[in-house]
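Participant: To be precise about what I am sending: the file is called entry18.cif and holds mmCIF, C-alpha atoms and all ligand atoms.
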```cif
data_protein
#
loop_
_atom_site.label_atom_id
_atom_site.label_comp_id
_atom_site.auth_asym_id
_atom_site.auth_seq_id
_atom_site.Cartn_x
_atom_site.Cartn_y
_atom_site.Cartn_z
CA MET A 22 9.81 -83.91 81.32
CA ALA A 23 12.06 -86.40 79.48
CA GLY A 24 10.19 -89.39 78.11
CA HIS A 25 11.19 -92.99 77.55
CA ASP A 26 14.54 -93.24 75.76
CA GLU A 27 14.69 -95.98 73.14
CA ASN A 28 18.45 -96.29 73.81
CA VAL A 29 17.85 -97.26 77.42
CA VAL A 30 17.40 -101.03 77.62
CA TRP A 31 15.81 -102.88 80.55
CA HIS A 32 18.40 -105.09 82.29
CA ALA A 33 17.24 -108.40 83.77
CA HIS A 34 19.30 -109.13 86.89
CA ALA A 35 20.40 -112.56 88.10
CA VAL A 36 18.42 -112.32 91.33
CA ALA A 37 14.70 -112.10 90.58
CA GLN A 38 11.64 -111.06 92.60
CA ALA A 39 10.81 -114.73 93.26
CA ASP A 40 14.28 -115.30 94.76
CA ARG A 41 13.89 -112.32 97.05
CA GLU A 42 10.39 -113.43 98.05
CA ARG A 43 11.74 -116.89 98.94
CA GLN A 44 14.33 -115.26 101.18
CA HIS A 45 11.69 -113.11 102.90
CA GLY A 46 9.34 -116.09 103.27
CA HIS A 47 6.35 -114.24 101.79
CA GLN A 48 5.14 -112.63 98.56
CA GLY A 49 5.64 -109.01 97.56
CA ALA A 50 2.46 -106.92 97.24
CA VAL A 51 1.13 -103.42 97.73
CA LEU A 52 -1.80 -102.59 99.96
CA TRP A 53 -3.04 -99.34 98.44
CA PHE A 54 -5.07 -97.46 101.06
CA THR A 55 -7.39 -94.81 99.64
CA GLY A 56 -9.91 -92.59 101.38
CA LEU A 57 -10.71 -89.07 102.46
CA SER A 58 -8.38 -86.99 104.60
CA GLY A 59 -9.01 -88.17 108.17
CA SER A 60 -10.60 -91.46 107.10
CA GLY A 61 -7.92 -93.45 108.96
CA LYS A 62 -5.52 -94.49 106.18
CA SER A 63 -2.31 -93.74 108.12
CA THR A 64 -3.64 -95.11 111.38
CA VAL A 65 -4.83 -98.43 109.96
CA ALA A 66 -1.82 -98.84 107.65
CA GLY A 67 0.47 -98.14 110.63
CA ALA A 68 -1.30 -100.67 112.85
CA LEU A 69 -1.16 -103.29 110.10
CA GLU A 70 2.53 -102.64 109.50
CA GLN A 71 3.22 -103.12 113.20
CA ALA A 72 1.29 -106.42 113.22
CA LEU A 73 3.09 -107.63 110.08
CA HIS A 74 6.46 -106.64 111.50
CA GLN A 75 5.76 -108.71 114.61
CA LEU A 76 4.97 -111.67 112.32
CA GLY A 77 8.40 -111.30 110.67
CA VAL A 78 7.09 -109.83 107.42
CA SER A 79 9.35 -107.32 105.61
CA THR A 80 7.28 -104.17 105.12
CA TYR A 81 7.50 -100.53 104.15
CA LEU A 82 4.89 -97.83 104.72
CA LEU A 83 4.76 -94.95 102.24
CA ASP A 84 2.67 -92.15 103.73
CA GLY A 85 1.39 -89.08 101.84
CA ASP A 86 2.34 -86.63 104.55
CA ASN A 87 5.94 -87.92 104.63
CA VAL A 88 6.45 -88.42 100.89
CA ARG A 89 5.29 -84.86 100.27
CA HIS A 90 8.23 -83.67 102.43
CA GLY A 91 10.76 -85.34 100.10
CA LEU A 92 10.15 -87.25 96.86
CA CYS A 93 7.08 -85.13 96.04
CA ARG A 94 7.94 -81.86 97.79
CA ASP A 95 7.58 -79.98 94.48
CA LEU A 96 3.92 -81.03 94.10
CA GLY A 97 0.72 -79.37 95.26
CA PHE A 98 -2.93 -80.43 95.05
CA SER A 99 -4.01 -79.60 91.50
CA ASP A 100 -5.34 -82.60 89.56
CA ALA A 101 -2.10 -82.74 87.55
CA ASP A 102 0.09 -82.63 90.68
CA ARG A 103 -1.97 -85.30 92.46
CA ARG A 104 -1.63 -87.48 89.36
CA GLU A 105 2.16 -87.03 89.34
CA ASN A 106 2.26 -87.72 93.09
CA ILE A 107 0.46 -91.03 92.62
CA ARG A 108 2.53 -91.93 89.54
CA ARG A 109 5.79 -91.49 91.47
CA VAL A 110 4.54 -93.36 94.51
CA GLY A 111 3.23 -96.13 92.24
CA GLU A 112 6.65 -96.52 90.66
CA VAL A 113 8.36 -96.58 94.06
CA ALA A 114 5.84 -99.13 95.33
CA ARG A 115 6.49 -101.27 92.25
CA LEU A 116 10.25 -101.28 92.95
CA MET A 117 9.58 -102.23 96.56
CA VAL A 118 7.29 -105.07 95.50
CA ASP A 119 10.09 -106.21 93.17
CA ALA A 120 12.32 -106.18 96.27
CA GLY A 121 9.84 -108.65 97.80
CA LEU A 122 8.31 -106.32 100.37
CA VAL A 123 4.75 -105.95 101.57
CA VAL A 124 4.27 -102.25 100.83
CA LEU A 125 1.56 -100.17 102.45
CA THR A 126 0.66 -96.81 100.91
CA ALA A 127 -1.53 -94.16 102.53
CA PHE A 128 -2.53 -91.52 99.97
CA ILE A 129 -5.93 -89.97 99.38
CA SER A 130 -5.45 -90.94 95.69
CA PRO A 131 -8.86 -89.48 94.88
CA HIS A 132 -9.11 -90.42 91.21
CA ARG A 133 -10.01 -93.84 89.82
CA ALA A 134 -7.81 -93.34 86.75
CA GLU A 135 -4.66 -92.90 88.83
CA ARG A 136 -5.37 -95.89 91.05
CA GLN A 137 -5.98 -97.94 87.88
CA MET A 138 -2.65 -96.67 86.49
CA VAL A 139 -0.84 -98.06 89.55
CA ARG A 140 -2.81 -101.32 89.39
CA GLU A 141 -1.57 -101.77 85.82
CA LEU A 142 2.06 -101.24 86.89
CA LEU A 143 1.87 -104.39 88.99
CA ALA A 144 1.32 -108.08 88.21
CA PRO A 145 -2.21 -109.43 88.80
CA GLY A 146 -2.82 -110.01 92.50
CA GLN A 147 0.02 -107.74 93.63
CA PHE A 148 -2.14 -104.60 93.89
CA ILE A 149 -4.66 -104.70 96.70
CA GLU A 150 -6.94 -101.68 96.85
CA VAL A 151 -8.05 -100.93 100.40
CA PHE A 152 -10.92 -98.45 100.56
CA VAL A 153 -11.11 -96.82 103.99
CA ASP A 154 -14.77 -95.91 103.86
CA THR A 155 -15.43 -93.20 106.45
CA PRO A 156 -18.25 -90.69 105.90
CA LEU A 157 -17.16 -87.13 105.16
CA ALA A 158 -19.04 -85.90 108.25
CA VAL A 159 -17.01 -88.25 110.48
CA CYS A 160 -13.70 -87.22 108.87
CA GLU A 161 -14.68 -83.58 109.29
CA ALA A 162 -15.56 -84.08 112.94
CA ARG A 163 -12.19 -85.80 113.56
CA ASP A 164 -10.26 -83.06 111.70
CA PRO A 165 -6.97 -83.80 113.57
CA LYS A 166 -5.01 -81.20 111.58
CA GLY A 167 -7.76 -78.57 111.42
CA LEU A 168 -7.69 -78.73 107.61
CA TYR A 169 -11.44 -79.18 107.10
CA LYS A 170 -12.01 -76.11 109.25
CA LYS A 171 -9.63 -74.14 107.05
CA ALA A 172 -11.20 -75.54 103.86
CA ARG A 173 -14.70 -74.58 105.04
CA ALA A 174 -13.42 -71.10 105.82
CA GLY A 175 -12.12 -70.82 102.24
CA GLU A 176 -8.48 -70.75 103.40
CA LEU A 177 -7.51 -74.09 101.76
CA PRO A 178 -8.67 -74.41 98.16
CA ASP A 179 -9.05 -77.75 96.32
CA PHE A 180 -9.57 -79.68 99.52
CA THR A 181 -10.73 -83.26 98.88
CA GLY A 182 -14.38 -83.78 99.81
CA ILE A 183 -15.07 -80.03 100.08
CA ASP A 184 -14.19 -78.48 96.74
CA ALA A 185 -12.21 -81.29 95.09
CA ASP A 186 -13.55 -84.72 94.07
CA TYR A 187 -13.11 -88.04 95.79
CA GLU A 188 -14.05 -90.95 93.52
CA ALA A 189 -14.77 -93.97 95.70
CA PRO A 190 -13.43 -97.27 94.35
CA ALA A 191 -16.04 -99.31 92.46
CA ARG A 192 -14.45 -102.70 93.13
CA PRO A 193 -11.76 -102.50 95.81
CA GLU A 194 -10.23 -105.77 97.00
CA ILE A 195 -11.47 -104.75 100.45
CA GLN A 196 -13.74 -102.03 101.81
CA LEU A 197 -13.18 -101.13 105.46
CA ASP A 198 -15.75 -99.50 107.68
CA GLY A 199 -13.57 -96.65 108.95
CA GLU A 200 -15.65 -96.27 112.11
CA GLN A 201 -14.80 -99.76 113.37
CA LEU A 202 -12.03 -100.34 115.90
CA VAL A 203 -8.55 -100.26 114.40
CA THR A 204 -7.83 -103.73 115.86
CA ILE A 205 -10.82 -105.17 113.96
CA LEU A 206 -9.74 -103.52 110.70
CA THR A 207 -6.18 -104.81 111.16
CA ALA A 208 -7.47 -108.36 111.70
CA GLN A 209 -9.59 -108.12 108.50
CA LEU A 210 -6.51 -107.10 106.50
CA LEU A 211 -4.35 -109.89 107.99
CA ASP A 212 -7.08 -112.40 107.01
CA LEU A 213 -7.10 -111.01 103.48
CA LEU A 214 -3.30 -111.34 103.17
CA ARG A 215 -3.43 -114.92 104.48
CA GLY A 216 -6.37 -115.79 102.23
CA ARG A 217 -4.45 -114.57 99.20
CA ASP A 218 -1.30 -116.51 100.24
CA ILE A 219 0.73 -113.30 100.43
CA ILE A 220 1.76 -114.15 103.97
CA LYS A 221 1.75 -117.59 105.59
CA ALA A 222 -1.49 -118.78 107.21
N1 LIG B 1 -6.07 -79.48 99.23
C1 LIG B 1 -5.81 -80.60 99.91
N2 LIG B 1 -6.57 -81.72 99.70
C2 LIG B 1 -6.31 -82.83 100.39
N3 LIG B 1 -5.33 -82.97 101.32
C3 LIG B 1 -4.54 -81.89 101.56
C4 LIG B 1 -4.77 -80.66 100.89
N4 LIG B 1 -3.85 -79.76 101.35
C5 LIG B 1 -3.10 -80.39 102.26
N5 LIG B 1 -3.50 -81.68 102.40
C6 LIG B 1 -2.83 -82.64 103.28
O1 LIG B 1 -2.13 -83.52 102.40
C7 LIG B 1 -2.49 -84.88 102.63
C8 LIG B 1 -2.92 -85.58 101.36
O2 LIG B 1 -1.81 -85.85 100.56
P1 LIG B 1 -1.85 -87.05 99.52
O3 LIG B 1 -0.50 -87.12 98.92
O4 LIG B 1 -2.36 -88.26 100.19
O5 LIG B 1 -2.94 -86.51 98.47
S1 LIG B 1 -3.23 -87.03 96.98
O6 LIG B 1 -3.26 -88.50 97.03
O7 LIG B 1 -2.19 -86.54 96.09
O8 LIG B 1 -4.56 -86.47 96.63
C9 LIG B 1 -3.66 -84.88 103.57
O9 LIG B 1 -3.30 -85.83 104.54
P2 LIG B 1 -4.28 -86.95 105.12
O10 LIG B 1 -5.18 -86.18 106.01
O11 LIG B 1 -3.35 -87.84 105.88
O12 LIG B 1 -4.99 -87.67 104.01
C10 LIG B 1 -3.73 -83.47 104.14
O13 LIG B 1 -3.16 -83.45 105.42
N1 LIG B 2 -11.00 -96.66 113.16
C1 LIG B 2 -10.89 -95.48 113.80
N2 LIG B 2 -11.74 -95.18 114.81
C2 LIG B 2 -11.65 -93.98 115.45
N3 LIG B 2 -10.72 -93.02 115.15
C3 LIG B 2 -9.87 -93.27 114.15
C4 LIG B 2 -9.90 -94.50 113.43
N4 LIG B 2 -8.92 -94.47 112.50
C5 LIG B 2 -8.31 -93.26 112.62
N5 LIG B 2 -8.88 -92.55 113.62
C6 LIG B 2 -8.49 -91.18 114.03
O1 LIG B 2 -8.89 -90.34 112.96
C7 LIG B 2 -7.93 -89.33 112.73
C8 LIG B 2 -7.47 -89.39 111.29
O2 LIG B 2 -6.74 -90.61 111.08
P1 LIG B 2 -5.55 -90.68 110.05
O3 LIG B 2 -5.03 -92.07 110.12
O4 LIG B 2 -4.58 -89.57 110.26
O5 LIG B 2 -6.34 -90.47 108.67
P2 LIG B 2 -5.78 -90.23 107.20
O6 LIG B 2 -4.40 -90.82 107.14
O7 LIG B 2 -6.74 -90.97 106.32
O8 LIG B 2 -5.82 -88.76 106.99
C9 LIG B 2 -6.82 -89.54 113.75
O9 LIG B 2 -7.04 -88.68 114.83
C10 LIG B 2 -6.99 -91.00 114.17
O10 LIG B 2 -6.58 -91.22 115.50
#
```
Go through the file and emit its structure as structure tokens.
Facilitator:
Amino acid sequence: MAGHDENVVWHAHAVAQADRERQHGHQGAVLWFTGLSGSGKSTVAGALEQALHQLGVSTYLLDGDNVRHGLCRDLGFSDADRRENIRRVGEVARLMVDAGLVVLTAFISPHRAERQMVRELLAPGQFIEVFVDTPLAVCEARDPKGLYKKARAGELPDFTGIDADYEAPARPEIQLDGEQLVTILTAQLLDLLRGRDIIKA
């Protein structure tokens, strides 16, 4: 893969992130949801996006299932491919934060190192790690796509939580109890965004 080219120079544009944020009436930030398959990342991120949209906040939801149909369609689930998946999504999220959006991402993102890599792409306070903490047994019982069943049967190798690692965040900005009602979890996240002055109180 081509690396950084010393002949390519960063161009500072006349309209800056702060100008775009002023126009939106809120700050740009990324809410980085992480958790096991079936923990509720997409569901909670989707409910929060709907609530934010109703409040007039400019949002975008990047979801693993969808991104893997396009931007990351060439990637599988080896450690190297997951890393590249998260790197690309991190870069896209960074551009969207620069555009002044509240970005929600829903990726398993199982490794601490990759989540830290994305954190370091963003300015302090703009990366909010949301750990959707749902026990493996609960995720496995939900199994909406039947993937745990396949993984247990040995038909889906490298499945997170079964035969691939999930490293829980040590210090997420917020840890959600994934067995609580989605409305309660959404309210907790709205409080966090207000408390951090990302959206208006
Ligand atoms: N081997 C393996 N391990 C984990 N997940 C798998 C696997 N194979 C397919 N899937 C499906 O892909 C979704 C996870 O994709 P992500 O892009 O979020 O994964 S990662 O962050 O790169 O680890 C995940 O979606 P969610 O259930 O929404 O998390 C699964 O539906
Ligand atoms: N807080 C919750 N309480 C009960 N069921 C939930 C909750 N959050 C999600 N679910 C259900 O769990 C399943 C997995 O949720 P999903 O959002 O697809 O998880 P993920 O994106 O982490 O894979 C879905 O069937 C969803 O309806």
Participant: Determine the nearest neighbour of Pro131 in chain A from the options A:Glu188, A:Glu105, A:Glu150, A:Glu70, counting all atoms listed in the file.
Facilitator: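 Of the candidates, the smallest distance to Pro131 in chain A is held by A:Glu188.
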Participant: Using 12 Å as the limit and counting all atoms listed in the file, can you tabulate each residue of range 53-153 of chain A that touches range 32-48 of chain A, with its shortest atom-to-atom distance in Å and the two atoms involved, as JSON lines?
Facilitator:
```
{"residue": "A:Leu73", "atom": "CA", "partner": "A:His47", "partner_atom": "CA", "distance": 11.1}
{"residue": "A:His74", "atom": "CA", "partner": "A:His45", "partner_atom": "CA", "distance": 12.0}
{"residue": "A:Leu76", "atom": "CA", "partner": "A:His47", "partner_atom": "CA", "distance": 10.9}
{"residue": "A:Gly77", "atom": "CA", "partner": "A:His45", "partner_atom": "CA", "distance": 8.6}
{"residue": "A:Val78", "atom": "CA", "partner": "A:His47", "partner_atom": "CA", "distance": 7.2}
{"residue": "A:Ser79", "atom": "CA", "partner": "A:His45", "partner_atom": "CA", "distance": 6.8}
{"residue": "A:Thr80", "atom": "CA", "partner": "A:His45", "partner_atom": "CA", "distance": 10.2}
{"residue": "A:Arg115", "atom": "CA", "partner": "A:Gln38", "partner_atom": "CA", "distance": 11.1}
{"residue": "A:Leu116", "atom": "CA", "partner": "A:Gln38", "partner_atom": "CA", "distance": 9.9}
{"residue": "A:Met117", "atom": "CA", "partner": "A:Gln38", "partner_atom": "CA", "distance": 9.9}
{"residue": "A:Val118", "atom": "CA", "partner": "A:Gln38", "partner_atom": "CA", "distance": 8.0}
{"residue": "A:Asp119", "atom": "CA", "partner": "A:Gln38", "partner_atom": "CA", "distance": 5.1}
{"residue": "A:Ala120", "atom": "CA", "partner": "A:Gln38", "partner_atom": "CA", "distance": 6.1}
{"residue": "A:Gly121", "atom": "CA", "partner": "A:Glu42", "partner_atom": "CA", "distance": 4.8}
{"residue": "A:Leu122", "atom": "CA", "partner": "A:Gln48", "partner_atom": "CA", "distance": 7.3}
{"residue": "A:Val123", "atom": "CA", "partner": "A:Gln48", "partner_atom": "CA", "distance": 7.3}
{"residue": "A:Val124", "atom": "CA", "partner": "A:Gln48", "partner_atom": "CA", "distance": 10.7}
{"residue": "A:Ala144", "atom": "CA", "partner": "A:Gln38", "partner_atom": "CA", "distance": 11.6}
{"residue": "A:Gly146", "atom": "CA", "partner": "A:Gln48", "partner_atom": "CA", "distance": 10.3}
{"residue": "A:Gln147", "atom": "CA", "partner": "A:Gln48", "partner_atom": "CA", "distance": 8.6}
{"residue": "A:Phe148", "atom": "CA", "partner": "A:Gln48", "partner_atom": "CA", "distance": 11.8}
```
Participant: (0.5, -107.9, 103.5) in this file's frame - what residues fall within 7 Å of it? Use all atoms listed in the file and give the answer as a list in words.
Facilitator: Ala50, Leu52, Val123, Leu211, Leu214, Ile219 and Ile220 of chain A
Participant: Please, which residues have at least one atom within 6 Å of an atom of ligand LIG 1 (chain B), using only C-alpha atoms and all ligand atoms, listed as an mmCIF file with C-alpha atoms, in the coordinates of the input?
Facilitator:
```
data_model
loop_
_atom_site.group_PDB
_atom_site.id
_atom_site.type_symbol
_atom_site.label_atom_id
_atom_site.label_comp_id
_atom_site.auth_asym_id
_atom_site.auth_seq_id
_atom_site.Cartn_x
_atom_site.Cartn_y
_atom_site.Cartn_z
ATOM 1 C CA SER A 58 -8.380 -86.990 104.600
ATOM 2 C CA GLY A 59 -9.010 -88.170 108.170
ATOM 3 C CA GLY A 85 1.390 -89.080 101.840
ATOM 4 C CA ASP A 86 2.340 -86.630 104.550
ATOM 5 C CA PHE A 98 -2.930 -80.430 95.050
ATOM 6 C CA ARG A 103 -1.970 -85.300 92.460
ATOM 7 C CA ASN A 106 2.260 -87.720 93.090
ATOM 8 C CA PHE A 128 -2.530 -91.520 99.970
ATOM 9 C CA ILE A 129 -5.930 -89.970 99.380
ATOM 10 C CA SER A 130 -5.450 -90.940 95.690
ATOM 11 C CA PRO A 131 -8.860 -89.480 94.880
ATOM 12 C CA PRO A 178 -8.670 -74.410 98.160
ATOM 13 C CA ASP A 179 -9.050 -77.750 96.320
ATOM 14 C CA PHE A 180 -9.570 -79.680 99.520
ATOM 15 C CA THR A 181 -10.730 -83.260 98.880
#
```
Participant: For ligand LIG 2 (chain B), collect every residue having any atom at a distance of at most 12 Å from a ligand atom (counting all atoms listed in the file); output as a ChimeraX atom specification.
Facilitator: /A:54-69,82-87,126-131,151-157,159-169,181,197-207
Participant: In file coordinates, which residues lie within 6 Å of (-10.1, -93.8, 93.0) using all atoms listed in the file, given as a list of chain:residue names?
Facilitator: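 Final list of nearby residues, as requested, is A:Pro131, A:His132, A:Arg133, A:Arg136, A:Glu188, A:Ala189, A:Pro190.
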Participant: As an exercise, work out the distance from CA of Leu92 in chain A to CA of Val51 in chain A in Å and give it to one decimal place.
Facilitator: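 So the answer is 18.5 Å.
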Participant: Mind pulling up the distance from CA of Ala134 in chain A to CA of Ala191 in chain A?
Facilitator: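 Taking CA of Ala191 in chain A as the start and CA of Ala134 in chain A as the end point, the length is 11.7 Å.
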Participant: Could you tell me how far CA of Gln75 in chain A lies from CA of Arg215 in chain A, in Å and to one decimal?
Facilitator: 15.0 Å
Participant: Counting only C-alpha atoms, which of A:Gly175, A:Gly111, A:Pro193, A:Gly216 gets nearest to Glu141 in chain A?
Facilitator: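 Once distances to Glu141 in chain A are computed over only C-alpha atoms, the minimum belongs to A:Gly111.
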Participant: Measuring atom to atom with only C-alpha atoms, identify which of A:Leu210, A:Asp184, A:Trp53, A:Leu125 is nearest to Arg140 in chain A.
Facilitator: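 Comparing A:Leu210, A:Asp184, A:Trp53, A:Leu125 against Arg140 in chain A, the winner is A:Trp53.
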Participant: Box for range 126-132 of chain A: with edges along x, y and z, all listed atoms inside and 8 Å added on each side, what are the centre and edge lengths in Å to one decimal, as JSON?
Facilitator:
```
{"center_x": -4.2, "center_y": -93.1, "center_z": 96.9, "size_x": 25.8, "size_y": 23.3, "size_z": 27.3}
```
